[in-house]
$ cat structure-v1.cif   # mmCIF, C-alpha atoms
data_protein
loop_
_atom_site.group_PDB
_atom_site.id
_atom_site.type_symbol
_atom_site.label_atom_id
_atom_site.label_comp_id
_atom_site.auth_asym_id
_atom_site.auth_seq_id
_atom_site.Cartn_x
_atom_site.Cartn_y
_atom_site.Cartn_z
ATOM 1 C CA MET A 7 74.875 161.948 61.889
ATOM 2 C CA HIS A 8 75.151 162.965 65.522
ATOM 3 C CA SER A 9 71.427 163.354 66.183
ATOM 4 C CA ASP A 10 68.161 162.142 64.727
ATOM 5 C CA ASP A 11 66.502 165.369 65.810
ATOM 6 C CA PRO A 12 65.770 167.542 62.762
ATOM 7 C CA GLN A 13 66.772 170.536 64.861
ATOM 8 C CA GLN A 14 70.445 169.746 65.311
ATOM 9 C CA PRO A 15 71.777 170.340 68.807
ATOM 10 C CA GLU A 16 74.271 173.114 69.151
ATOM 11 C CA LEU A 17 77.908 172.028 69.023
ATOM 12 C CA LEU A 18 80.520 173.587 71.313
ATOM 13 C CA ARG A 19 84.258 173.566 70.617
ATOM 14 C CA VAL A 20 85.955 171.069 72.928
ATOM 15 C CA CYS A 21 89.518 170.502 71.699
ATOM 16 C CA ARG A 22 92.037 170.540 68.870
ATOM 17 C CA ILE A 23 93.921 167.314 68.283
ATOM 18 C CA GLY A 24 97.650 167.853 68.628
ATOM 19 C CA ARG A 25 100.711 165.696 68.135
ATOM 20 C CA ALA A 26 100.873 161.944 68.335
ATOM 21 C CA GLN A 27 101.776 160.586 71.766
ATOM 22 C CA GLY A 28 103.626 157.286 71.488
ATOM 23 C CA LEU A 29 102.976 154.559 68.935
ATOM 24 C CA LYS A 30 99.501 153.261 69.854
ATOM 25 C CA GLY A 31 97.288 156.069 68.518
ATOM 26 C CA GLU A 32 97.156 158.395 71.503
ATOM 27 C CA VAL A 33 97.169 162.136 70.820
ATOM 28 C CA THR A 34 97.681 165.250 72.884
ATOM 29 C CA VAL A 35 94.819 167.749 72.791
ATOM 30 C CA GLN A 36 94.569 171.489 73.256
ATOM 31 C CA ILE A 37 91.431 171.873 75.366
ATOM 32 C CA PHE A 38 88.759 174.564 75.008
ATOM 33 C CA THR A 39 86.395 173.144 77.620
ATOM 34 C CA ASP A 40 86.207 173.672 81.359
ATOM 35 C CA GLU A 41 84.971 170.102 81.865
ATOM 36 C CA PRO A 42 87.618 167.835 80.293
ATOM 37 C CA GLU A 43 86.866 164.941 82.677
ATOM 38 C CA TYR A 44 83.334 164.819 81.233
ATOM 39 C CA ARG A 45 84.224 165.504 77.588
ATOM 40 C CA PHE A 46 87.086 162.947 77.518
ATOM 41 C CA ALA A 47 85.377 160.193 79.540
ATOM 42 C CA PRO A 48 85.472 156.750 77.879
ATOM 43 C CA GLY A 49 82.574 156.498 75.442
ATOM 44 C CA ALA A 50 82.160 160.272 75.053
ATOM 45 C CA VAL A 51 81.435 161.270 71.469
ATOM 46 C CA LEU A 52 82.973 164.320 69.812
ATOM 47 C CA TYR A 53 82.308 165.584 66.285
ATOM 48 C CA THR A 54 83.938 167.545 63.509
ATOM 49 C CA LYS A 55 82.396 171.008 63.017
ATOM 50 C CA ASP A 56 80.003 169.816 60.304
ATOM 51 C CA GLY A 57 78.885 166.941 62.539
ATOM 52 C CA GLU A 58 79.749 164.419 59.815
ATOM 53 C CA GLU A 59 82.577 162.564 61.585
ATOM 54 C CA GLU A 60 82.400 161.091 65.068
ATOM 55 C CA TYR A 61 85.373 160.590 67.359
ATOM 56 C CA VAL A 62 84.612 158.264 70.265
ATOM 57 C CA VAL A 63 86.914 158.492 73.292
ATOM 58 C CA GLU A 64 88.405 155.103 74.117
ATOM 59 C CA ASN A 65 90.324 156.408 77.116
ATOM 60 C CA SER A 66 92.124 159.513 78.340
ATOM 61 C CA ARG A 67 94.636 160.591 80.929
ATOM 62 C CA THR A 68 96.567 163.625 82.041
ATOM 63 C CA PHE A 69 100.320 163.914 82.145
ATOM 64 C CA LYS A 70 102.120 167.085 83.273
ATOM 65 C CA ASN A 71 98.946 169.216 82.895
ATOM 66 C CA ARG A 72 98.278 167.912 79.357
ATOM 67 C CA TRP A 73 95.406 165.754 78.243
ATOM 68 C CA ILE A 74 96.280 162.657 76.229
ATOM 69 C CA VAL A 75 93.344 160.984 74.504
ATOM 70 C CA LYS A 76 92.950 157.691 72.645
ATOM 71 C CA PHE A 77 90.079 157.726 70.147
ATOM 72 C CA GLU A 78 88.499 154.548 68.776
ATOM 73 C CA GLY A 79 89.824 153.752 65.296
ATOM 74 C CA ILE A 80 93.050 155.716 65.735
ATOM 75 C CA ASP A 81 95.352 152.843 66.554
ATOM 76 C CA ASN A 82 98.856 153.759 65.406
ATOM 77 C CA ARG A 83 101.202 156.696 65.100
ATOM 78 C CA ASP A 84 100.421 157.296 61.403
ATOM 79 C CA GLN A 85 96.692 157.606 62.115
ATOM 80 C CA SER A 86 97.257 159.872 65.116
ATOM 81 C CA GLU A 87 99.600 162.110 63.088
ATOM 82 C CA ALA A 88 96.962 162.315 60.336
ATOM 83 C CA ALA A 89 94.436 163.613 62.889
ATOM 84 C CA ASN A 90 96.717 166.472 64.018
ATOM 85 C CA GLY A 91 94.921 169.821 63.794
ATOM 86 C CA ILE A 92 91.352 168.498 63.694
ATOM 87 C CA VAL A 93 89.045 170.567 65.912
ATOM 88 C CA LEU A 94 86.393 168.557 67.737
ATOM 89 C CA TYR A 95 83.052 169.643 69.141
ATOM 90 C CA GLY A 96 80.595 168.249 71.674
ATOM 91 C CA GLU A 97 76.866 168.654 72.019
ATOM 92 C CA ALA A 98 75.744 171.440 74.317
ATOM 93 C CA ASP A 99 74.147 170.353 77.558
ATOM 94 C CA ASP A 100 70.380 170.505 77.886
ATOM 95 C CA PRO A 101 69.405 174.128 78.727
ATOM 96 C CA GLU A 102 66.819 173.035 81.311
ATOM 97 C CA ASP A 103 69.382 170.891 83.151
ATOM 98 C CA MET A 104 71.855 173.769 83.080
ATOM 99 C CA LEU A 105 69.302 176.200 84.547
ATOM 100 C CA GLU A 106 68.593 173.810 87.405
ATOM 101 C CA ALA A 107 72.317 173.440 88.089
ATOM 102 C CA ASP A 108 72.895 177.220 87.804
ATOM 103 C CA GLU A 109 75.309 176.744 84.894
ATOM 104 C CA TRP A 110 75.649 179.061 81.914
ATOM 105 C CA TYR A 111 77.317 179.283 78.552
ATOM 106 C CA PRO A 112 78.994 182.645 77.880
ATOM 107 C CA LYS A 113 76.766 183.243 74.847
ATOM 108 C CA ASP A 114 73.678 182.999 77.116
ATOM 109 C CA LEU A 115 74.861 185.972 79.150
ATOM 110 C CA ILE A 116 75.796 188.326 76.302
ATOM 111 C CA GLY A 117 73.026 190.812 75.630
ATOM 112 C CA LEU A 118 71.438 190.557 79.085
ATOM 113 C CA GLU A 119 70.468 193.812 80.750
ATOM 114 C CA ALA A 120 72.344 194.396 84.023
ATOM 115 C CA ARG A 121 70.151 195.753 86.834
ATOM 116 C CA LEU A 122 70.826 196.517 90.483
ATOM 117 C CA ALA A 123 69.746 193.765 92.874
ATOM 118 C CA GLU A 124 67.308 194.092 95.769
ATOM 119 C CA ASN A 125 69.033 195.213 98.991
ATOM 120 C CA ASN A 126 72.274 195.907 97.100
ATOM 121 C CA MET A 127 75.463 196.805 98.996
ATOM 122 C CA LEU A 128 75.376 200.349 97.646
ATOM 123 C CA GLY A 129 71.912 201.044 99.058
ATOM 124 C CA LEU A 130 70.704 202.179 95.619
ATOM 125 C CA GLU A 131 67.243 201.651 94.168
ATOM 126 C CA PRO A 132 66.783 198.042 93.015
ATOM 127 C CA GLY A 133 66.026 197.419 89.351
ATOM 128 C CA VAL A 134 67.977 200.437 88.084
ATOM 129 C CA VAL A 135 69.562 199.514 84.755
ATOM 130 C CA VAL A 136 73.355 199.733 84.963
ATOM 131 C CA GLY A 137 74.107 198.545 81.432
ATOM 132 C CA LYS A 138 74.216 195.526 79.154
ATOM 133 C CA VAL A 139 76.525 192.497 79.087
ATOM 134 C CA VAL A 140 78.586 192.818 75.892
ATOM 135 C CA ASP A 141 81.223 190.141 76.486
ATOM 136 C CA VAL A 142 82.251 187.314 78.798
ATOM 137 C CA ILE A 143 85.988 187.116 79.338
ATOM 138 C CA GLU A 144 86.943 183.547 80.157
ATOM 139 C CA VAL A 145 89.953 183.647 82.450
ATOM 140 C CA ALA A 146 90.431 181.708 85.701
ATOM 141 C CA GLN A 147 87.329 183.564 86.932
ATOM 142 C CA TRP A 148 84.814 184.638 84.280
ATOM 143 C CA LEU A 149 84.421 188.400 83.966
ATOM 144 C CA LEU A 150 81.286 190.052 82.596
ATOM 145 C CA LYS A 151 82.029 193.116 80.492
ATOM 146 C CA ILE A 152 79.129 195.494 80.986
ATOM 147 C CA ARG A 153 78.639 198.514 78.728
ATOM 148 C CA LEU A 154 77.364 201.249 81.040
ATOM 149 C CA VAL A 155 74.095 203.082 80.401
ATOM 150 C CA ASN A 156 75.650 206.190 81.975
ATOM 151 C CA PRO A 157 79.308 206.380 80.913
ATOM 152 C CA VAL A 158 81.605 208.254 83.274
ATOM 153 C CA LYS A 159 82.851 211.611 81.950
ATOM 154 C CA ASP A 160 85.602 213.885 83.182
ATOM 155 C CA ALA A 161 85.161 217.574 84.083
ATOM 156 C CA ASP A 162 85.396 218.525 80.389
ATOM 157 C CA GLY A 163 82.611 216.120 79.427
ATOM 158 C CA VAL A 164 84.987 213.645 77.798
ATOM 159 C CA MET A 165 83.994 210.004 78.329
ATOM 160 C CA VAL A 166 86.587 208.179 80.430
ATOM 161 C CA GLU A 167 84.761 204.937 81.305
ATOM 162 C CA ASN A 168 82.010 203.278 79.314
ATOM 163 C CA SER A 169 82.257 199.734 80.637
ATOM 164 C CA ALA A 170 82.945 197.735 83.784
ATOM 165 C CA LEU A 171 84.318 194.246 84.416
ATOM 166 C CA VAL A 172 82.342 192.310 87.007
ATOM 167 C CA PRO A 173 83.533 188.924 88.310
ATOM 168 C CA PHE A 174 80.865 186.320 87.541
ATOM 169 C CA VAL A 175 80.260 185.049 91.085
ATOM 170 C CA ASP A 176 77.021 184.501 93.006
ATOM 171 C CA GLU A 177 77.752 187.287 95.489
ATOM 172 C CA LEU A 178 78.015 189.930 92.741
ATOM 173 C CA VAL A 179 75.537 188.436 90.225
ATOM 174 C CA PRO A 180 72.800 186.958 92.431
ATOM 175 C CA ASP A 181 70.068 186.429 89.828
ATOM 176 C CA ILE A 182 69.922 185.586 86.128
ATOM 177 C CA ASP A 183 66.663 185.485 84.193
ATOM 178 C CA LEU A 184 67.276 184.391 80.605
ATOM 179 C CA GLU A 185 63.581 184.476 79.715
ATOM 180 C CA GLU A 186 63.209 188.091 80.848
ATOM 181 C CA GLY A 187 66.647 189.004 79.475
ATOM 182 C CA TYR A 188 68.358 190.408 82.549
ATOM 183 C CA LEU A 189 70.680 189.690 85.424
ATOM 184 C CA THR A 190 71.064 191.497 88.716
ATOM 185 C CA LEU A 191 74.218 192.989 90.194
ATOM 186 C CA ASP A 192 75.147 193.564 93.819
ATOM 187 C CA PRO A 193 78.429 195.442 93.372
ATOM 188 C CA PRO A 194 80.611 196.817 96.148
ATOM 189 C CA GLY A 195 81.556 200.490 95.950
ATOM 190 C CA GLY A 196 84.130 201.268 93.285
ATOM 191 C CA LEU A 197 83.524 198.194 91.128
ATOM 192 C CA ILE A 198 81.230 199.949 88.648
ATOM 193 C CA PRO A 199 82.319 203.451 87.642
ATOM 194 C CA GLY A 200 79.732 206.110 88.419
ATOM 195 C CA LEU A 201 77.885 204.144 91.108
#

$ encode --input "structure-v1.cif" --output "structure tokens"
Amino acid sequence: MHSDDPQQPELLRVCRIGRAQGLKGEVTVQIFTDEPEYRFAPGAVLYTKDGEEEYVVENSRTFKNRWIVKFEGIDNRDQSEAANGIVLYGEADDPEDMLEADEWYPKDLIGLEARLAENNMLGLEPGVVVGKVVDVIEVAQWLLKIRLVNPVKDADGVMVENSALVPFVDELVPDIDLEEGYLTLDPPGGLIPGL
């Protein structure tokens, strides 16, 4: 088992094993992590979803923007072809370490109340609730989807905007307090409808 702790650590999806690469057991992987250098470092341990099977990274490399990984115990083409399609997971990082490093998992942000920051660019009262984070869109730059407390309506009273997308960068999201359940926003004019 991947941990002796009776409270199993959370597993995060890291990759899906793809096709065999060559004859010596290497495989291509479709990555779902933003830290492949860490997750595919020699000695790194990945698990099947149930945590029952371990896959230890023997070595890894990139070739033409693709990751190629050699796992211990997968030593020939037949074994690497048999592993095709297996999704592997890694243990989540320690939450305390992540807080100190100002790192977040998307699931940590969903549900947080979005409030205006002190001395915000709009000159509005700090602490005013703008909405709630309902999704984190993971593109090149994470975007927070915030459902607005006060949706924007047209002249006929028909709702036209009920959410805003805010880039997840320090300048626009200066503070995050997971314990209190909120984050602060310092949006420029026009970013959040109705402000």

$ closest_residue --input "structure-v1.cif" --among "A:Gly117, A:Pro132, A:Gly96, A:Gly187" --to "Leu52 in chain A" --atoms "all atoms listed in the file"
A:Gly96

$ atom_distance --input "structure-v1.cif" --atom1 "CA of Tyr95 in chain A" --atom2 "CA of Arg72 in chain A"
18.4 Å

$ residues_around --input "structure-v1.cif" --residues "Gly196 in chain A" --least-positions-apart "3" --cutoff "12 Å" --atoms "only C-alpha atoms" --output "JSON, numbers by chain"
{"A": [127, 128, 170, 171, 172, 192, 193, 199, 200, 201]}

$ resolve_selection --input "structure-v1.cif" --expression "the PyMOL selection byres ((chain A and resi 136) around 10)" --output "PyMOL selection string"
chain A and resi 119-122+133-135+137-139+152-157+169-170+190-191+198+200-201

$ atom_distance --input "structure-v1.cif" --atom1 "CA of Lys159 in chain A" --atom2 "CA of Asn125 in chain A"
27.4 Å

$ closest_residue --input "structure-v1.cif" --among "A:Glu97, A:Glu32, A:Glu124, A:Asp84" --to "Glu64 in chain A" --atoms "all atoms listed in the file"
A:Glu32

$ atom_distance --input "structure-v1.cif" --atom1 "CA of Val93 in chain A" --atom2 "CA of Ile23 in chain A"
6.3 Å

$ decode --input "structure-v1.cif" --residues "range 142-158 of chain A" --atoms "all heavy atoms" --output "short mmCIF file (atom, residue, chain, number, x, y, z; two decimals), in the first residue's frame"
data_model
loop_
_atom_site.label_atom_id
_atom_site.label_comp_id
_atom_site.auth_asym_id
_atom_site.auth_seq_id
_atom_site.Cartn_x
_atom_site.Cartn_y
_atom_site.Cartn_z
N VAL A 142 -12.16 26.41 -11.71
CA VAL A 142 -10.82 26.85 -12.06
C VAL A 142 -10.54 26.25 -13.43
O VAL A 142 -10.55 25.03 -13.59
CB VAL A 142 -9.77 26.40 -11.04
CG1 VAL A 142 -8.38 26.82 -11.49
CG2 VAL A 142 -10.09 26.95 -9.66
N ILE A 143 -10.34 27.11 -14.41
CA ILE A 143 -10.09 26.66 -15.77
C ILE A 143 -8.59 26.63 -15.97
O ILE A 143 -7.91 27.65 -15.87
CB ILE A 143 -10.79 27.60 -16.78
CG1 ILE A 143 -12.30 27.59 -16.50
CG2 ILE A 143 -10.48 27.17 -18.22
CD1 ILE A 143 -13.05 28.71 -17.16
N GLU A 144 -8.07 25.41 -16.20
CA GLU A 144 -6.63 25.23 -16.29
C GLU A 144 -6.18 25.32 -17.74
O GLU A 144 -6.19 24.33 -18.47
CB GLU A 144 -6.23 23.89 -15.67
CG GLU A 144 -6.52 23.81 -14.18
CD GLU A 144 -6.09 22.50 -13.59
OE1 GLU A 144 -4.87 22.22 -13.57
OE2 GLU A 144 -6.97 21.75 -13.16
N VAL A 145 -5.82 26.52 -18.14
CA VAL A 145 -5.21 26.74 -19.46
C VAL A 145 -3.79 27.22 -19.18
O VAL A 145 -3.30 27.02 -18.07
CB VAL A 145 -6.04 27.76 -20.29
CG1 VAL A 145 -7.35 27.12 -20.73
CG2 VAL A 145 -6.33 29.02 -19.51
N ALA A 146 -3.12 27.82 -20.15
CA ALA A 146 -1.75 28.28 -19.92
C ALA A 146 -1.68 29.12 -18.64
O ALA A 146 -0.77 29.00 -17.84
CB ALA A 146 -1.26 29.07 -21.11
N GLN A 147 -2.67 29.96 -18.44
CA GLN A 147 -2.79 30.75 -17.21
C GLN A 147 -4.12 30.37 -16.56
O GLN A 147 -5.15 30.48 -17.21
CB GLN A 147 -2.80 32.25 -17.55
CG GLN A 147 -3.16 33.15 -16.40
CD GLN A 147 -2.14 33.07 -15.28
OE1 GLN A 147 -1.00 33.44 -15.47
NE2 GLN A 147 -2.55 32.60 -14.13
N TRP A 148 -4.10 29.89 -15.33
CA TRP A 148 -5.35 29.52 -14.66
C TRP A 148 -6.31 30.69 -14.65
O TRP A 148 -5.91 31.84 -14.46
CB TRP A 148 -5.08 29.13 -13.22
CG TRP A 148 -4.52 27.77 -13.01
CD1 TRP A 148 -4.04 26.91 -13.96
CD2 TRP A 148 -4.38 27.10 -11.76
NE1 TRP A 148 -3.61 25.74 -13.37
CE2 TRP A 148 -3.80 25.84 -12.02
CE3 TRP A 148 -4.68 27.45 -10.46
CZ2 TRP A 148 -3.52 24.94 -11.01
CZ3 TRP A 148 -4.39 26.55 -9.45
CH2 TRP A 148 -3.83 25.30 -9.73
N LEU A 149 -7.58 30.39 -14.85
CA LEU A 149 -8.65 31.39 -14.76
C LEU A 149 -9.62 30.96 -13.68
O LEU A 149 -10.06 29.81 -13.65
CB LEU A 149 -9.39 31.51 -16.09
CG LEU A 149 -8.58 31.98 -17.29
CD1 LEU A 149 -9.41 31.87 -18.57
CD2 LEU A 149 -8.11 33.42 -17.10
N LEU A 150 -9.97 31.89 -12.79
CA LEU A 150 -10.99 31.62 -11.78
C LEU A 150 -12.33 32.04 -12.35
O LEU A 150 -12.49 33.18 -12.80
CB LEU A 150 -10.72 32.42 -10.50
CG LEU A 150 -9.38 32.20 -9.81
CD1 LEU A 150 -9.29 33.09 -8.58
CD2 LEU A 150 -9.18 30.75 -9.45
N LYS A 151 -13.30 31.13 -12.36
CA LYS A 151 -14.65 31.48 -12.77
C LYS A 151 -15.41 31.85 -11.50
O LYS A 151 -15.55 31.04 -10.59
CB LYS A 151 -15.34 30.33 -13.49
CG LYS A 151 -16.73 30.72 -14.00
CD LYS A 151 -17.36 29.62 -14.82
CE LYS A 151 -18.70 30.08 -15.38
NZ LYS A 151 -19.31 29.03 -16.20
N ILE A 152 -15.86 33.10 -11.46
CA ILE A 152 -16.53 33.61 -10.27
C ILE A 152 -17.99 33.89 -10.59
O ILE A 152 -18.29 34.67 -11.51
CB ILE A 152 -15.82 34.88 -9.76
CG1 ILE A 152 -14.39 34.50 -9.35
CG2 ILE A 152 -16.59 35.51 -8.60
CD1 ILE A 152 -13.52 35.63 -8.97
N ARG A 153 -18.88 33.21 -9.87
CA ARG A 153 -20.32 33.49 -10.02
C ARG A 153 -20.60 34.76 -9.22
O ARG A 153 -20.33 34.85 -8.04
CB ARG A 153 -21.17 32.34 -9.50
CG ARG A 153 -22.67 32.62 -9.74
CD ARG A 153 -23.58 31.49 -9.33
NE ARG A 153 -23.27 30.27 -10.06
CZ ARG A 153 -23.04 29.09 -9.48
NH1 ARG A 153 -23.07 28.96 -8.19
NH2 ARG A 153 -22.77 28.03 -10.22
N LEU A 154 -21.15 35.76 -9.91
CA LEU A 154 -21.35 37.08 -9.31
C LEU A 154 -22.54 37.10 -8.35
O LEU A 154 -23.58 36.51 -8.62
CB LEU A 154 -21.58 38.12 -10.41
CG LEU A 154 -20.45 38.24 -11.45
CD1 LEU A 154 -20.84 39.21 -12.54
CD2 LEU A 154 -19.14 38.66 -10.78
N VAL A 155 -22.36 37.82 -7.24
CA VAL A 155 -23.45 38.03 -6.28
C VAL A 155 -24.52 38.91 -6.92
O VAL A 155 -25.72 38.69 -6.74
CB VAL A 155 -22.91 38.70 -4.99
CG1 VAL A 155 -24.04 39.13 -4.09
CG2 VAL A 155 -21.99 37.76 -4.26
N ASN A 156 -24.09 39.90 -7.69
CA ASN A 156 -25.01 40.82 -8.36
C ASN A 156 -24.86 40.67 -9.87
O ASN A 156 -24.09 41.39 -10.50
CB ASN A 156 -24.72 42.27 -7.96
CG ASN A 156 -24.93 42.50 -6.49
OD1 ASN A 156 -25.95 42.09 -5.93
ND2 ASN A 156 -23.97 43.14 -5.84
N PRO A 157 -25.61 39.71 -10.47
CA PRO A 157 -25.51 39.53 -11.92
C PRO A 157 -25.89 40.81 -12.66
O PRO A 157 -26.71 41.61 -12.18
CB PRO A 157 -26.53 38.42 -12.21
CG PRO A 157 -26.76 37.74 -10.89
CD PRO A 157 -26.55 38.79 -9.85
N VAL A 158 -25.29 41.00 -13.81
CA VAL A 158 -25.56 42.18 -14.63
C VAL A 158 -26.81 41.92 -15.46
O VAL A 158 -26.94 40.87 -16.10
CB VAL A 158 -24.35 42.49 -15.53
CG1 VAL A 158 -24.65 43.66 -16.45
CG2 VAL A 158 -23.11 42.76 -14.68
#
